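Comments concern the structure below.
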Amino acid sequence: MALFRFSPTLDPINALLNLQRELERVVDNPLGLDLGLSGRGVSPAVNVFSDRDGYMVRTEVPGMSPEQINIESHGRTLTISGKRESGAPQGGSFHRRERSSGQFSRSLQLPADLDLSRAEASYKQGMLTVRIPKREEAKPRQITIKAA
Amino acid sequence: MANQELTPREKQELTRDEQTRPGRTYVPDVDIYETTDSLWLWADMPGVDEHSLEVNVADGVLSIAGWVALQDYDNLTPVYTEYNVGNYARRFTLSNEIEAERIKARMTNGVLELELPKAERTKPRQISVAAS
C-alpha cells in the first residue's frame, strides 16, 4: 500500500517521465500509443489518462468479479483494493504457478480540479476503469462573442 | 498464501518470435494444472475478449495468442503510466498427446481457461498382476 501524489504540471519527476515517454514514442513505438514505463514497486500497476472531461485511472486485475474489488474515495485520494483468489479443480497438481494471488491496495492522490464524488467505475475483460470527471468550473469552455 | 500482499511484476515482452502485426507482444502469466484426464491452463490476458483470441494445437505445440483493442485509448492523453499495453502470445510444448477436437476454451474477465483432454492411450493405466 502506497500513496502516490501527482500534480501533472509542476512535478519534476513527472516532467522526467514525460521526457522519457516522448523519447520512447520517437524510438520504438510504431503505434504512437505510449503507455511507457512499468513497475514502480506497488501493486496493482496503474495507468492514468486524461481527456477533455476528466481523468481515467485504469488497472489490470484479471479474473476477479466486480464484488471483489473495492473502490473508495477520501478527499482527493482514490483507493483501489481487493483480493485475488486462486482456485483449481481437485485431484491434480500444478506444473506452473505464475499468476499471482493475494491482496492488493493502491492509493492515488488526484488533482484538486477533479470531482471524486461523481467518479464511476467499470470492470471489463479484467480491466478496471475508474473515470473521474473534472469539476464543472474546471472544464474548458467556449466563450461566445456578443454582437455589439 | 491467503494474506500475502501482491507484488507487482513487470510484463515480460516477447522477443523470441517476430510478429506480423504491429504493436508490442507480451508473455501472459499462466497456471498449468494436470489431472489424470486433462491438462488445465489459465492465462491472464486482461483486455482480450473471446473474439480476439487464438488457440492452436499442432505437432505437440500449444500456442495461445490474444489481441487487445487499442481504440479504447483514442483521444486519451497519458498522464502517468506504469504498465504497457500490448498483445499476448505464448507457446508450450506438450508432453502428453491432446485430443485437439475436444479442447474447451473459455474467456472470463480477462482470464483464458483451457481444458486439454489427454488422448485415451496416453493416460496412465493400472495393470493388474495376476497371481500365478
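Identifiers in this document derive from the order of the C-alpha cells: chains are assigned A, B, ..., residues are numbered from 1 separately in each chain, and ligands are numbered from 1 in order of occurrence.
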
Near chain B, 6 Å: chain A residue rows, closest pairs, only C-alpha atoms, as CSV:
residue,atom,partner,partner_atom,distance
A:Leu35,CA,B:Asn84,CA,5.0
A:Gly36,CA,B:Asn84,CA,5.9
A:Leu37,CA,B:Glu82,CA,5.1
A:Ser38,CA,B:Glu82,CA,3.9
A:Gly39,CA,B:Glu10,CA,5.3
A:Val42,CA,B:Pro8,CA,5.9
A:Ser43,CA,B:Pro8,CA,4.8
A:Ala45,CA,B:Glu82,CA,5.7
A:Val46,CA,B:Glu82,CA,5.7
A:Asn47,CA,B:Thr81,CA,4.3
A:Val48,CA,B:Tyr80,CA,5.0
A:Phe49,CA,B:Pro78,CA,4.3
A:Ser50,CA,B:Thr77,CA,5.2
A:Asp51,CA,B:Leu76,CA,5.2
A:Pro62,CA,B:Gly110,CA,5.0
A:Gly63,CA,B:Asn109,CA,5.1
A:Gly92,CA,B:Thr35,CA,4.2
A:Ser93,CA,B:Glu34,CA,5.5
A:Phe94,CA,B:Tyr33,CA,4.3
A:His95,CA,B:Ile32,CA,5.3
A:Arg96,CA,B:Ile32,CA,5.0
A:Arg97,CA,B:Asp31,CA,4.5
A:Glu98,CA,B:Asp29,CA,5.4
A:Arg99,CA,B:Asp29,CA,5.3
A:Gly102,CA,B:Gln4,CA,5.2
A:Gln103,CA,B:Glu5,CA,4.7
A:Phe104,CA,B:Leu6,CA,5.5
A:Gln125,CA,B:Asn109,CA,4.2
A:Gly126,CA,B:Gly110,CA,4.3
A:Met127,CA,B:Pro46,CA,6.0

Expected file contents, prior selection, N, CA and C atoms, as a CSV table (one decimal), in the first residue's frame:
chain,number,residue,atom,x,y,z
A,35,LEU,N,2.4,3.9,-23.6
A,35,LEU,CA,2.0,3.5,-22.3
A,35,LEU,C,3.2,3.1,-21.6
A,36,GLY,N,4.2,3.9,-21.7
A,36,GLY,CA,5.6,3.7,-21.4
A,36,GLY,C,6.1,2.9,-20.3
A,37,LEU,N,6.4,3.4,-19.2
A,37,LEU,CA,7.2,2.7,-18.2
A,37,LEU,C,6.4,1.8,-17.3
A,38,SER,N,7.0,0.9,-16.7
A,38,SER,CA,6.2,0.0,-15.9
A,38,SER,C,6.9,-0.4,-14.6
A,39,GLY,N,6.1,-1.0,-13.7
A,39,GLY,CA,6.6,-1.5,-12.5
A,39,GLY,C,7.3,-0.5,-11.6
A,42,VAL,N,4.7,-0.9,-6.7
A,42,VAL,CA,3.4,-1.1,-6.0
A,42,VAL,C,2.4,-1.9,-6.8
A,43,SER,N,1.6,-2.6,-6.2
A,43,SER,CA,0.6,-3.4,-6.9
A,43,SER,C,-0.8,-2.9,-6.6
A,45,ALA,N,-0.3,-2.2,-10.8
A,45,ALA,CA,0.2,-1.1,-11.6
A,45,ALA,C,-1.0,-0.3,-12.2
A,46,VAL,N,-0.9,1.0,-12.2
A,46,VAL,CA,-2.0,1.8,-12.8
A,46,VAL,C,-1.5,2.7,-13.9
A,47,ASN,N,-2.4,2.9,-14.8
A,47,ASN,CA,-2.2,3.9,-15.8
A,47,ASN,C,-3.2,5.0,-15.7
A,48,VAL,N,-2.8,6.3,-15.8
A,48,VAL,CA,-3.7,7.4,-15.7
A,48,VAL,C,-3.7,8.2,-17.0
A,49,PHE,N,-4.9,8.4,-17.5
A,49,PHE,CA,-5.1,9.2,-18.8
A,49,PHE,C,-6.0,10.3,-18.5
A,50,SER,N,-5.9,11.3,-19.4
A,50,SER,CA,-6.8,12.4,-19.3
A,50,SER,C,-7.5,12.7,-20.6
A,51,ASP,N,-8.6,13.3,-20.6
A,51,ASP,CA,-9.2,13.8,-21.8
A,51,ASP,C,-10.0,15.1,-21.4
A,62,PRO,N,-7.1,-9.1,-13.7
A,62,PRO,CA,-7.9,-10.1,-14.4
A,62,PRO,C,-8.4,-11.2,-13.5
A,63,GLY,N,-9.5,-11.8,-13.9
A,63,GLY,CA,-10.0,-13.0,-13.1
A,63,GLY,C,-10.7,-12.7,-11.8
A,92,GLY,N,-5.3,-33.0,-8.7
A,92,GLY,CA,-4.2,-32.9,-9.7
A,92,GLY,C,-3.1,-32.1,-9.0
A,93,SER,N,-2.2,-31.7,-9.9
A,93,SER,CA,-1.1,-30.9,-9.3
A,93,SER,C,-0.7,-29.8,-10.3
A,94,PHE,N,-0.1,-28.8,-9.8
A,94,PHE,CA,0.4,-27.7,-10.6
A,94,PHE,C,1.7,-27.9,-11.2
A,95,HIS,N,1.9,-27.6,-12.5
A,95,HIS,CA,3.2,-27.6,-13.1
A,95,HIS,C,3.8,-26.2,-13.1
A,96,ARG,N,2.9,-25.3,-13.3
A,96,ARG,CA,3.4,-23.9,-13.3
A,96,ARG,C,2.4,-23.0,-12.5
A,97,ARG,N,2.9,-22.1,-11.7
A,97,ARG,CA,2.0,-21.2,-11.0
A,97,ARG,C,2.6,-19.8,-11.1
A,98,GLU,N,2.3,-19.1,-12.1
A,98,GLU,CA,2.9,-17.8,-12.3
A,98,GLU,C,1.9,-16.7,-12.0
A,99,ARG,N,0.6,-17.0,-12.1
A,99,ARG,CA,-0.4,-16.0,-11.8
A,99,ARG,C,-0.5,-15.7,-10.3
A,102,GLY,N,-3.6,-12.9,-4.0
A,102,GLY,CA,-3.4,-12.3,-2.8
A,102,GLY,C,-4.1,-10.9,-2.7
A,103,GLN,N,-3.7,-10.2,-1.7
A,103,GLN,CA,-4.3,-8.9,-1.5
A,103,GLN,C,-3.6,-7.8,-2.2
A,104,PHE,N,-4.3,-6.8,-2.7
A,104,PHE,CA,-3.7,-5.6,-3.2
A,104,PHE,C,-4.4,-4.4,-2.8
A,125,GLN,N,-13.3,-7.3,-19.1
A,125,GLN,CA,-12.2,-8.1,-19.6
A,125,GLN,C,-11.0,-8.0,-18.7
A,126,GLY,N,-11.2,-8.0,-17.4
A,126,GLY,CA,-10.1,-8.0,-16.5
A,126,GLY,C,-9.5,-6.6,-16.2
A,127,MET,N,-10.1,-5.6,-16.9
A,127,MET,CA,-9.5,-4.2,-16.7
A,127,MET,C,-10.5,-3.4,-15.9

Atom CA of Arg91 of chain B to atom CA of Thr25 of chain B, distance in Å rounded to a single decimal: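 Going from atom CA of Arg91 of chain B over to atom CA of Thr25 of chain B covers 12.9 Å.
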
Go through chain B and collect every residue that DSSP, computed from the backbone, puts in helix (DSSP H, G or I); the answer should be as an MDAnalysis selection string. chainID B and resid 71:73 100:102 120:122

Residue selection dump (C-alpha atoms) as a compact mmCIF listing (two decimals), in the first residue's frame:
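So selection_18.txt came out as:
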# COMPACT_ATOMS: atom_id res chain seq x y z
CA GLN B 71 -9.26 2.06 -29.83
CA ASP B 72 -10.18 2.34 -26.16
CA TYR B 73 -7.19 4.63 -25.84
CA ALA B 100 -7.40 -31.34 -30.12
CA GLU B 101 -11.05 -31.60 -31.13
CA ARG B 102 -12.18 -31.86 -27.52
CA GLU B 120 -7.05 -42.06 -24.30
CA ARG B 121 -3.89 -44.04 -24.97
CA THR B 122 -1.55 -41.71 -23.11

Contacts of segment 76-82 of chain A at 10 Å (only C-alpha atoms; same-chain gap of 2+ positions) as a ChimeraX atom specification: /A:1-5,43-44,57,59,61,64,66-74,84-85,102-117,119,128,130,132
